[in-house]
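As provided, my_file03.cif (mmCIF, C-alpha atoms, pLDDT in the B column; chains and numbers go by the auth columns) reads as follows.
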```
data_input
loop_
_atom_site.group_PDB
_atom_site.id
_atom_site.type_symbol
_atom_site.label_atom_id
_atom_site.label_comp_id
_atom_site.label_asym_id
_atom_site.label_seq_id
_atom_site.Cartn_x
_atom_site.Cartn_y
_atom_site.Cartn_z
_atom_site.B_iso_or_equiv
_atom_site.auth_seq_id
_atom_site.auth_asym_id
ATOM 1 C CA GLY A 1 -47.235 29.561 -87.899 78.00 1 N
ATOM 2 C CA GLU A 2 -48.171 31.707 -90.844 87.00 2 N
ATOM 3 C CA ASN A 3 -45.409 33.415 -92.821 92.00 3 N
ATOM 4 C CA VAL A 4 -46.197 36.255 -95.203 95.00 4 N
ATOM 5 C CA GLU A 5 -43.667 37.371 -97.780 96.00 5 N
ATOM 6 C CA GLN A 6 -44.055 40.630 -99.691 97.00 6 N
ATOM 7 C CA HIS A 7 -42.368 41.909 -102.860 97.00 7 N
ATOM 8 C CA PRO A 8 -40.978 44.248 -103.929 97.00 8 N
ATOM 9 C CA SER A 9 -39.636 46.134 -100.935 96.00 9 N
ATOM 10 C CA THR A 10 -39.475 49.358 -102.946 97.00 10 N
ATOM 11 C CA LEU A 11 -41.343 50.372 -106.068 98.00 11 N
ATOM 12 C CA SER A 12 -41.176 53.553 -108.132 98.00 12 N
ATOM 13 C CA VAL A 13 -43.674 54.294 -110.866 98.00 13 N
ATOM 14 C CA GLN A 14 -44.515 57.259 -113.016 98.00 14 N
ATOM 15 C CA GLU A 15 -47.731 59.059 -112.246 98.00 15 N
ATOM 16 C CA GLY A 16 -50.554 57.447 -114.205 97.00 16 N
ATOM 17 C CA ASP A 17 -48.883 54.059 -114.423 98.00 17 N
ATOM 18 C CA SER A 18 -50.020 50.979 -112.541 98.00 18 N
ATOM 19 C CA ALA A 19 -48.371 49.490 -109.472 98.00 19 N
ATOM 20 C CA VAL A 20 -48.529 45.875 -108.399 98.00 20 N
ATOM 21 C CA ILE A 21 -47.446 44.505 -105.025 98.00 21 N
ATOM 22 C CA LYS A 22 -47.384 40.771 -104.393 98.00 22 N
ATOM 23 C CA CYS A 23 -47.631 38.697 -101.264 98.00 23 N
ATOM 24 C CA THR A 24 -47.436 35.004 -100.556 98.00 24 N
ATOM 25 C CA TYR A 25 -48.577 33.162 -97.473 96.00 25 N
ATOM 26 C CA SER A 26 -47.782 29.751 -96.093 95.00 26 N
ATOM 27 C CA ASP A 27 -50.841 28.666 -94.109 91.00 27 N
ATOM 28 C CA SER A 28 -53.612 27.370 -96.341 90.00 28 N
ATOM 29 C CA ALA A 29 -56.101 27.928 -93.499 89.00 29 N
ATOM 30 C CA SER A 30 -55.683 31.710 -93.682 91.00 30 N
ATOM 31 C CA ASN A 31 -58.904 33.202 -94.970 90.00 31 N
ATOM 32 C CA TYR A 32 -58.725 36.967 -94.587 91.00 32 N
ATOM 33 C CA PHE A 33 -56.238 39.214 -96.358 94.00 33 N
ATOM 34 C CA PRO A 34 -56.216 42.957 -95.689 94.00 34 N
ATOM 35 C CA TRP A 35 -54.003 45.586 -97.248 97.00 35 N
ATOM 36 C CA TYR A 36 -52.853 48.589 -95.274 95.00 36 N
ATOM 37 C CA LYS A 37 -51.374 51.902 -96.413 96.00 37 N
ATOM 38 C CA GLN A 38 -49.072 53.722 -94.048 92.00 38 N
ATOM 39 C CA GLU A 39 -48.132 57.317 -94.665 91.00 39 N
ATOM 40 C CA LEU A 40 -45.253 58.955 -92.874 86.00 40 N
ATOM 41 C CA GLY A 41 -46.045 59.563 -89.222 81.00 41 N
ATOM 42 C CA LYS A 42 -49.398 57.801 -89.385 84.00 42 N
ATOM 43 C CA GLY A 43 -50.707 54.402 -88.487 87.00 43 N
ATOM 44 C CA PRO A 44 -51.635 51.716 -91.021 91.00 44 N
ATOM 45 C CA GLN A 45 -54.884 52.504 -92.795 92.00 45 N
ATOM 46 C CA LEU A 46 -57.019 49.694 -94.196 92.00 46 N
ATOM 47 C CA ILE A 47 -57.509 50.283 -97.916 96.00 47 N
ATOM 48 C CA ILE A 48 -58.970 47.022 -99.144 96.00 48 N
ATOM 49 C CA ASP A 49 -59.403 43.444 -98.012 94.00 49 N
ATOM 50 C CA ILE A 50 -60.411 40.119 -99.462 94.00 50 N
ATOM 51 C CA ARG A 51 -61.709 36.888 -98.031 90.00 51 N
ATOM 52 C CA SER A 52 -60.845 33.429 -99.246 85.00 52 N
ATOM 53 C CA ASN A 53 -64.228 32.810 -100.813 85.00 53 N
ATOM 54 C CA VAL A 54 -63.571 35.561 -103.372 85.00 54 N
ATOM 55 C CA GLY A 55 -60.945 35.723 -106.112 92.00 55 N
ATOM 56 C CA GLU A 56 -60.953 39.429 -106.802 95.00 56 N
ATOM 57 C CA LYS A 57 -62.225 42.638 -105.277 95.00 57 N
ATOM 58 C CA LYS A 58 -62.104 46.142 -106.674 96.00 58 N
ATOM 59 C CA ASP A 59 -62.633 49.575 -105.183 94.00 59 N
ATOM 60 C CA GLN A 60 -62.140 52.389 -107.687 96.00 60 N
ATOM 61 C CA ARG A 61 -58.427 52.431 -108.597 97.00 61 N
ATOM 62 C CA ILE A 62 -57.504 49.688 -106.148 98.00 62 N
ATOM 63 C CA ALA A 63 -57.993 45.975 -106.664 98.00 63 N
ATOM 64 C CA VAL A 64 -56.867 42.845 -104.888 98.00 64 N
ATOM 65 C CA THR A 65 -56.624 39.360 -106.359 97.00 65 N
ATOM 66 C CA LEU A 66 -56.314 36.120 -104.461 96.00 66 N
ATOM 67 C CA ASN A 67 -55.080 32.767 -105.693 95.00 67 N
ATOM 68 C CA LYS A 68 -55.803 30.262 -102.955 93.00 68 N
ATOM 69 C CA THR A 69 -54.191 27.367 -104.774 94.00 69 N
ATOM 70 C CA ALA A 70 -50.901 29.188 -105.154 95.00 70 N
ATOM 71 C CA LYS A 71 -51.309 30.967 -101.812 95.00 71 N
ATOM 72 C CA HIS A 72 -50.640 34.409 -103.134 95.00 72 N
ATOM 73 C CA PHE A 73 -52.494 37.678 -103.318 97.00 73 N
ATOM 74 C CA SER A 74 -51.723 40.952 -104.998 98.00 74 N
ATOM 75 C CA LEU A 75 -52.584 44.620 -104.739 98.00 75 N
ATOM 76 C CA HIS A 76 -53.116 46.524 -107.960 98.00 76 N
ATOM 77 C CA ILE A 77 -53.234 50.298 -108.086 98.00 77 N
ATOM 78 C CA THR A 78 -54.142 51.839 -111.430 98.00 78 N
ATOM 79 C CA GLU A 79 -53.686 55.432 -112.587 98.00 79 N
ATOM 80 C CA THR A 80 -51.316 56.108 -109.740 98.00 80 N
ATOM 81 C CA GLN A 81 -51.172 59.562 -108.214 97.00 81 N
ATOM 82 C CA PRO A 82 -48.486 61.202 -106.055 96.00 82 N
ATOM 83 C CA GLU A 83 -50.724 60.819 -103.021 96.00 83 N
ATOM 84 C CA ASP A 84 -50.518 57.046 -103.444 97.00 84 N
ATOM 85 C CA SER A 85 -46.890 57.299 -102.297 97.00 85 N
ATOM 86 C CA ALA A 86 -46.685 55.412 -98.992 97.00 86 N
ATOM 87 C CA VAL A 87 -45.666 52.099 -97.477 95.00 87 N
ATOM 88 C CA TYR A 88 -48.115 49.292 -98.215 97.00 88 N
ATOM 89 C CA PHE A 89 -48.455 46.212 -96.027 96.00 89 N
ATOM 90 C CA CYS A 90 -50.241 42.989 -96.783 97.00 90 N
ATOM 91 C CA ALA A 91 -51.447 40.713 -94.014 95.00 91 N
ATOM 92 C CA ALA A 92 -53.079 37.342 -93.521 94.00 92 N
ATOM 93 C CA SER A 93 -55.313 36.046 -90.780 89.00 93 N
ATOM 94 C CA ASP A 94 -55.945 32.436 -89.871 79.00 94 N
ATOM 95 C CA PRO A 95 -58.972 31.886 -87.641 72.00 95 N
ATOM 96 C CA ASN A 96 -57.442 28.670 -86.311 70.00 96 N
ATOM 97 C CA THR A 97 -54.624 30.600 -84.666 66.00 97 N
ATOM 98 C CA GLY A 98 -56.781 33.309 -83.229 65.00 98 N
ATOM 99 C CA ASN A 99 -57.301 36.816 -84.378 67.00 99 N
ATOM 100 C CA GLN A 100 -53.839 38.029 -85.087 84.00 100 N
ATOM 101 C CA PHE A 101 -52.634 39.409 -88.383 90.00 101 N
ATOM 102 C CA TYR A 102 -49.385 38.243 -89.912 92.00 102 N
ATOM 103 C CA PHE A 103 -47.876 41.115 -91.841 94.00 103 N
ATOM 104 C CA GLY A 104 -45.573 41.301 -94.808 95.00 104 N
ATOM 105 C CA THR A 105 -42.440 43.408 -94.626 93.00 105 N
ATOM 106 C CA GLY A 106 -43.956 46.327 -96.506 95.00 106 N
ATOM 107 C CA THR A 107 -43.475 47.963 -99.902 97.00 107 N
ATOM 108 C CA SER A 108 -42.415 51.574 -100.166 97.00 108 N
ATOM 109 C CA LEU A 109 -44.223 52.959 -103.204 98.00 109 N
ATOM 110 C CA THR A 110 -43.090 56.205 -104.770 98.00 110 N
ATOM 111 C CA VAL A 111 -45.181 57.785 -107.492 98.00 111 N
ATOM 112 C CA ILE A 112 -43.098 60.190 -109.531 97.00 112 N
ATOM 113 C CA PRO A 113 -45.039 63.205 -110.824 95.00 113 N
ATOM 114 C CA GLU B 1 -64.775 59.392 -89.219 75.00 114 W
ATOM 115 C CA PRO B 2 -64.112 57.393 -86.044 80.00 115 W
ATOM 116 C CA GLU B 3 -60.484 56.613 -85.391 91.00 116 W
ATOM 117 C CA VAL B 4 -58.207 54.905 -82.911 95.00 117 W
ATOM 118 C CA THR B 5 -56.113 57.407 -80.993 95.00 118 W
ATOM 119 C CA GLN B 6 -52.875 56.721 -79.167 97.00 119 W
ATOM 120 C CA THR B 7 -50.890 58.735 -76.655 96.00 120 W
ATOM 121 C CA PRO B 8 -48.159 59.732 -76.405 96.00 121 W
ATOM 122 C CA SER B 9 -46.898 59.861 -79.971 95.00 122 W
ATOM 123 C CA HIS B 10 -43.315 59.501 -78.748 97.00 123 W
ATOM 124 C CA GLN B 11 -42.038 58.232 -75.423 97.00 124 W
ATOM 125 C CA VAL B 12 -38.431 58.176 -74.328 98.00 125 W
ATOM 126 C CA THR B 13 -37.618 56.166 -71.238 97.00 126 W
ATOM 127 C CA GLN B 14 -34.584 54.895 -69.421 97.00 127 W
ATOM 128 C CA MET B 15 -33.821 51.211 -69.421 97.00 128 W
ATOM 129 C CA GLY B 16 -35.458 49.512 -66.464 97.00 129 W
ATOM 130 C CA GLN B 17 -38.289 52.011 -66.188 98.00 130 W
ATOM 131 C CA GLU B 18 -41.952 51.191 -66.617 98.00 131 W
ATOM 132 C CA VAL B 19 -43.995 52.760 -69.397 98.00 132 W
ATOM 133 C CA ILE B 20 -47.702 52.844 -70.115 97.00 133 W
ATOM 134 C CA LEU B 21 -48.916 53.335 -73.647 98.00 134 W
ATOM 135 C CA ARG B 22 -52.468 54.515 -74.021 97.00 135 W
ATOM 136 C CA CYS B 23 -55.088 53.921 -76.653 97.00 136 W
ATOM 137 C CA VAL B 24 -58.687 54.933 -77.165 97.00 137 W
ATOM 138 C CA PRO B 25 -60.312 52.401 -79.512 95.00 138 W
ATOM 139 C CA ILE B 26 -63.283 53.162 -81.712 93.00 139 W
ATOM 140 C CA SER B 27 -66.279 53.357 -79.422 90.00 140 W
ATOM 141 C CA ASN B 28 -68.449 50.498 -80.710 88.00 141 W
ATOM 142 C CA HIS B 29 -65.560 48.082 -81.203 91.00 142 W
ATOM 143 C CA LEU B 30 -65.277 45.021 -79.018 89.00 143 W
ATOM 144 C CA TYR B 31 -61.824 43.643 -79.827 90.00 144 W
ATOM 145 C CA PHE B 32 -58.590 45.427 -79.093 93.00 145 W
ATOM 146 C CA TYR B 33 -55.043 44.676 -80.115 94.00 146 W
ATOM 147 C CA TRP B 34 -51.477 45.737 -79.646 97.00 147 W
ATOM 148 C CA TYR B 35 -48.876 45.303 -82.347 96.00 148 W
ATOM 149 C CA ARG B 36 -45.314 46.501 -82.518 96.00 149 W
ATOM 150 C CA GLN B 37 -42.880 47.283 -85.291 92.00 150 W
ATOM 151 C CA ILE B 38 -39.169 47.337 -84.635 93.00 151 W
ATOM 152 C CA LEU B 39 -37.430 49.625 -87.112 88.00 152 W
ATOM 153 C CA GLY B 40 -36.966 47.861 -90.426 83.00 153 W
ATOM 154 C CA GLN B 41 -38.884 44.765 -89.372 86.00 154 W
ATOM 155 C CA LYS B 42 -42.389 43.412 -89.778 87.00 155 W
ATOM 156 C CA VAL B 43 -45.368 44.553 -87.798 92.00 156 W
ATOM 157 C CA GLU B 44 -45.752 41.876 -85.106 93.00 157 W
ATOM 158 C CA PHE B 45 -48.774 40.851 -83.090 93.00 158 W
ATOM 159 C CA LEU B 46 -48.488 41.196 -79.330 96.00 159 W
ATOM 160 C CA VAL B 47 -51.898 40.627 -77.801 95.00 160 W
ATOM 161 C CA SER B 48 -55.637 40.750 -78.338 92.00 161 W
ATOM 162 C CA PHE B 49 -58.235 41.612 -75.735 92.00 162 W
ATOM 163 C CA TYR B 50 -61.937 40.940 -75.561 90.00 163 W
ATOM 164 C CA ASN B 51 -64.509 41.093 -72.818 89.00 164 W
ATOM 165 C CA ASN B 52 -61.958 42.371 -70.329 90.00 165 W
ATOM 166 C CA GLU B 53 -59.501 39.584 -70.794 92.00 166 W
ATOM 167 C CA ILE B 54 -56.676 38.528 -73.055 94.00 167 W
ATOM 168 C CA SER B 55 -57.926 36.291 -75.851 89.00 168 W
ATOM 169 C CA GLU B 56 -54.641 35.681 -77.663 89.00 169 W
ATOM 170 C CA LYS B 57 -51.020 36.594 -77.084 92.00 170 W
ATOM 171 C CA SER B 58 -47.785 36.001 -78.925 92.00 171 W
ATOM 172 C CA GLU B 59 -44.481 34.716 -77.633 92.00 172 W
ATOM 173 C CA ILE B 60 -43.295 38.305 -77.462 94.00 173 W
ATOM 174 C CA PHE B 61 -45.940 39.134 -74.879 96.00 174 W
ATOM 175 C CA ASP B 62 -44.172 37.781 -71.813 94.00 175 W
ATOM 176 C CA ASP B 63 -44.504 38.692 -68.153 95.00 176 W
ATOM 177 C CA GLN B 64 -42.925 42.039 -68.842 96.00 177 W
ATOM 178 C CA PHE B 65 -46.087 43.125 -70.633 97.00 178 W
ATOM 179 C CA SER B 66 -49.619 43.619 -69.437 97.00 179 W
ATOM 180 C CA VAL B 67 -52.800 45.134 -70.829 97.00 180 W
ATOM 181 C CA GLU B 68 -55.741 46.711 -69.183 95.00 181 W
ATOM 182 C CA ARG B 69 -58.991 48.404 -69.967 92.00 182 W
ATOM 183 C CA PRO B 70 -59.234 50.601 -66.899 86.00 183 W
ATOM 184 C CA ASP B 71 -62.466 52.289 -67.949 87.00 184 W
ATOM 185 C CA GLY B 72 -64.971 52.237 -70.774 78.00 185 W
ATOM 186 C CA SER B 73 -62.763 54.032 -73.263 86.00 186 W
ATOM 187 C CA ASN B 74 -59.047 53.447 -72.642 93.00 187 W
ATOM 188 C CA PHE B 75 -56.935 50.421 -73.462 96.00 188 W
ATOM 189 C CA THR B 76 -53.398 50.413 -72.113 97.00 189 W
ATOM 190 C CA LEU B 77 -50.194 48.494 -72.643 98.00 190 W
ATOM 191 C CA LYS B 78 -47.788 48.456 -69.729 98.00 191 W
ATOM 192 C CA ILE B 79 -44.176 47.463 -70.170 98.00 192 W
ATOM 193 C CA ARG B 80 -42.351 46.798 -66.926 96.00 193 W
ATOM 194 C CA SER B 81 -38.608 47.180 -66.639 95.00 194 W
ATOM 195 C CA THR B 82 -38.049 48.258 -70.222 97.00 195 W
ATOM 196 C CA LYS B 83 -35.120 46.925 -72.221 97.00 196 W
ATOM 197 C CA LEU B 84 -33.261 48.468 -75.121 97.00 197 W
ATOM 198 C CA GLU B 85 -34.846 45.937 -77.459 96.00 198 W
ATOM 199 C CA ASP B 86 -38.305 47.182 -76.523 97.00 199 W
ATOM 200 C CA SER B 87 -37.620 50.253 -78.640 97.00 200 W
ATOM 201 C CA ALA B 88 -40.196 50.114 -81.412 97.00 201 W
ATOM 202 C CA MET B 89 -43.357 51.619 -82.790 95.00 202 W
ATOM 203 C CA TYR B 90 -46.359 50.300 -80.885 97.00 203 W
ATOM 204 C CA PHE B 91 -49.707 50.240 -82.628 96.00 204 W
ATOM 205 C CA CYS B 92 -53.091 49.826 -81.038 97.00 205 W
ATOM 206 C CA ALA B 93 -55.951 48.511 -83.155 94.00 206 W
ATOM 207 C CA SER B 94 -59.599 47.684 -82.696 93.00 207 W
ATOM 208 C CA SER B 95 -62.293 45.817 -84.559 90.00 208 W
ATOM 209 C CA VAL B 96 -65.998 45.262 -84.199 86.00 209 W
ATOM 210 C CA TRP B 97 -65.941 41.526 -84.579 73.00 210 W
ATOM 211 C CA ASP B 98 -63.325 38.831 -84.639 65.00 211 W
ATOM 212 C CA PRO B 99 -61.610 36.951 -86.173 58.00 212 W
ATOM 213 C CA GLY B 100 -60.701 37.960 -89.671 60.00 213 W
ATOM 214 C CA THR B 101 -62.470 41.288 -89.693 73.00 214 W
ATOM 215 C CA GLU B 102 -61.507 44.845 -90.414 84.00 215 W
ATOM 216 C CA ALA B 103 -59.089 46.167 -87.847 89.00 216 W
ATOM 217 C CA PHE B 104 -58.407 49.876 -87.561 92.00 217 W
ATOM 218 C CA PHE B 105 -55.033 51.048 -86.355 94.00 218 W
ATOM 219 C CA GLY B 106 -53.954 54.075 -84.391 95.00 219 W
ATOM 220 C CA GLN B 107 -51.098 56.298 -85.458 94.00 220 W
ATOM 221 C CA GLY B 108 -48.682 54.552 -83.121 96.00 221 W
ATOM 222 C CA THR B 109 -46.447 55.407 -80.193 97.00 222 W
ATOM 223 C CA ARG B 110 -42.747 55.465 -80.853 97.00 223 W
ATOM 224 C CA LEU B 111 -41.017 54.076 -77.768 98.00 224 W
ATOM 225 C CA THR B 112 -37.329 54.755 -77.384 98.00 225 W
ATOM 226 C CA VAL B 113 -35.495 53.051 -74.537 98.00 226 W
ATOM 227 C CA VAL B 114 -32.140 54.611 -73.716 97.00 227 W
#
```
Represent the structure of the file as structure tokens.
Amino acid sequence: GENVEQHPSTLSVQEGDSAVIKCTYSDSASNYFPWYKQELGKGPQLIIDIRSNVGEKKDQRIAVTLNKTAKHFSLHITETQPEDSAVYFCAASDPNTGNQFYFGTGTSLTVIP
Amino acid sequence: EPEVTQTPSHQVTQMGQEVILRCVPISNHLYFYWYRQILGQKVEFLVSFYNNEISEKSEIFDDQFSVERPDGSNFTLKIRSTKLEDSAMYFCASSVWDPGTEAFFGQGTRLTVV
């Protein structure tokens, strides 16, 4: 089945700097890649997603890039703010194995004011 | 903004007891899911549900588990004869369409089996 790896597990950045979180996946048939943000005591919140027919997607300070050949995708957060501090999860979905998401292990991002 | 709601937020149960975790998906969504996250591990898929039946389930979802949509709004996960290793955060999610579409998660139920 699909295996999603996520790095780094923890990341600290100064407020205003950029943060990059990387994920790799193993199943070339996966075609949908969401990113979730989880704040303490809350459930995962979808922040951005990308499909395999697109190489990059941007939404204000958040962007995701996808390299299908290398089977990796990345989350980029620019001009980080303290409220960006949370755990971020990447996931992959392969329609051939149903509708389940395969999640990465999560990255704990801390933005230092 | 519509959201998925789960109750209770924390459930403590004795080993061997049955628990029911409840979820109210977003009202116009058609697909419902349960995931779990054991402390320090990945979020893992348990089961998906569509049109009043299970559409996919993982190896984790054995006979100990069952799901039900008892009415038009609730979606439940029942765990029979709980084990210590069932202790985890359980997340309900829902989506309009499937597969590979936006799924919205609830805040989770922390299950502690003692």
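The coordinates place atom CA of N:Lys42 at 19.2 Å from atom CA of W:Leu190.
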Neighbour list for N:Lys71 as a PDB file with C-alpha atoms, in the frame of the given file, cut-off 10 Å, only C-alpha atoms, skip fewer than 6 positions in-chain:
```
ATOM      1  CA  VAL N   4     -46.197  36.255 -95.203  1.00 95.00           C
ATOM      2  CA  CYS N  23     -47.631  38.697-101.264  1.00 98.00           C
ATOM      3  CA  THR N  24     -47.436  35.004-100.556  1.00 98.00           C
ATOM      4  CA  TYR N  25     -48.577  33.162 -97.473  1.00 96.00           C
ATOM      5  CA  SER N  26     -47.782  29.751 -96.093  1.00 95.00           C
ATOM      6  CA  ASP N  27     -50.841  28.666 -94.109  1.00 91.00           C
ATOM      7  CA  SER N  28     -53.612  27.370 -96.341  1.00 90.00           C
ATOM      8  CA  SER N  30     -55.683  31.710 -93.682  1.00 91.00           C
TER       9      SER N  30
END
```
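Closest to N:Lys58 among N:Ile77, N:Ile21, N:His72, N:Gln45 is N:Ile77, based on only C-alpha atoms.
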Excluding stretch 119-133 of chain W and residues on its chain fewer than 5 positions from it, collect all residues at most 7 Å away from it, counting all atoms listed in the file, and give them as a ChimeraX atom specification.
-> /W:189-197,219-227
With the file shown as input, list the residues that the PyMOL selection byres ((chain W) within 8 of (chain N)) selects, as a PyMOL selection string.
-> chain W and resi 154-158+160-161+169+204+211-221
Contacts of N:Leu11 at 7 Å (all atoms listed in the file; same-chain gap of 4+ positions) as a ChimeraX atom specification | /N:107-110
For this structure, which residues satisfy the selection - the PyMOL selection byres ((chain N and resi 112) around 10) - when it is evaluated on the file as given? I want them as an mmCIF file with C-alpha atoms, in the frame of the given file.
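As a result, selection.cif now contains:
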```cif
data_model
loop_
_atom_site.group_PDB
_atom_site.id
_atom_site.type_symbol
_atom_site.label_atom_id
_atom_site.label_comp_id
_atom_site.auth_asym_id
_atom_site.auth_seq_id
_atom_site.Cartn_x
_atom_site.Cartn_y
_atom_site.Cartn_z
ATOM 1 C CA SER N 12 -41.176 53.553 -108.132
ATOM 2 C CA VAL N 13 -43.674 54.294 -110.866
ATOM 3 C CA GLN N 14 -44.515 57.259 -113.016
ATOM 4 C CA GLU N 15 -47.731 59.059 -112.246
ATOM 5 C CA GLY N 16 -50.554 57.447 -114.205
ATOM 6 C CA ASP N 17 -48.883 54.059 -114.423
ATOM 7 C CA THR N 80 -51.316 56.108 -109.740
ATOM 8 C CA GLN N 81 -51.172 59.562 -108.214
ATOM 9 C CA PRO N 82 -48.486 61.202 -106.055
ATOM 10 C CA SER N 85 -46.890 57.299 -102.297
ATOM 11 C CA LEU N 109 -44.223 52.959 -103.204
ATOM 12 C CA THR N 110 -43.090 56.205 -104.770
ATOM 13 C CA VAL N 111 -45.181 57.785 -107.492
ATOM 14 C CA PRO N 113 -45.039 63.205 -110.824
#
```
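Separating atom CA of W:Asp184 from atom CA of W:Ser208 is a distance of 17.8 Å.
In this model, the gap between atom CA of N:Asn67 and atom CA of N:Val54 comes to 9.2 Å.
Distance check against N:Lys22 using all atoms listed in the file: of N:Glu2, N:Tyr88, N:Phe73, N:Thr78, the minimum falls on N:Phe73.
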Between N:Ser18, N:Thr69, N:Ser9, N:Gln60, which has the minimum distance to W:Gly153 (counting all atoms listed in the file)?
-> N:Ser9
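With all atoms listed in the file as the basis for measurement, W:Ser171 is the residue among W:Ala206, W:Ser200, W:Arg182, W:Ser171 that approaches N:Gly1 most closely.
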To box stretch 70-78 of chain N, take all atoms listed in the file, fit an axis-aligned box, add 8 Å on each side, and give centre and edge lengths in Å to one decimal, as AutoDock Vina command-line options.
```
--center_x -52.4 --center_y 40.5 --center_z -106.6 --size_x 19.5 --size_y 38.7 --size_z 25.6
```
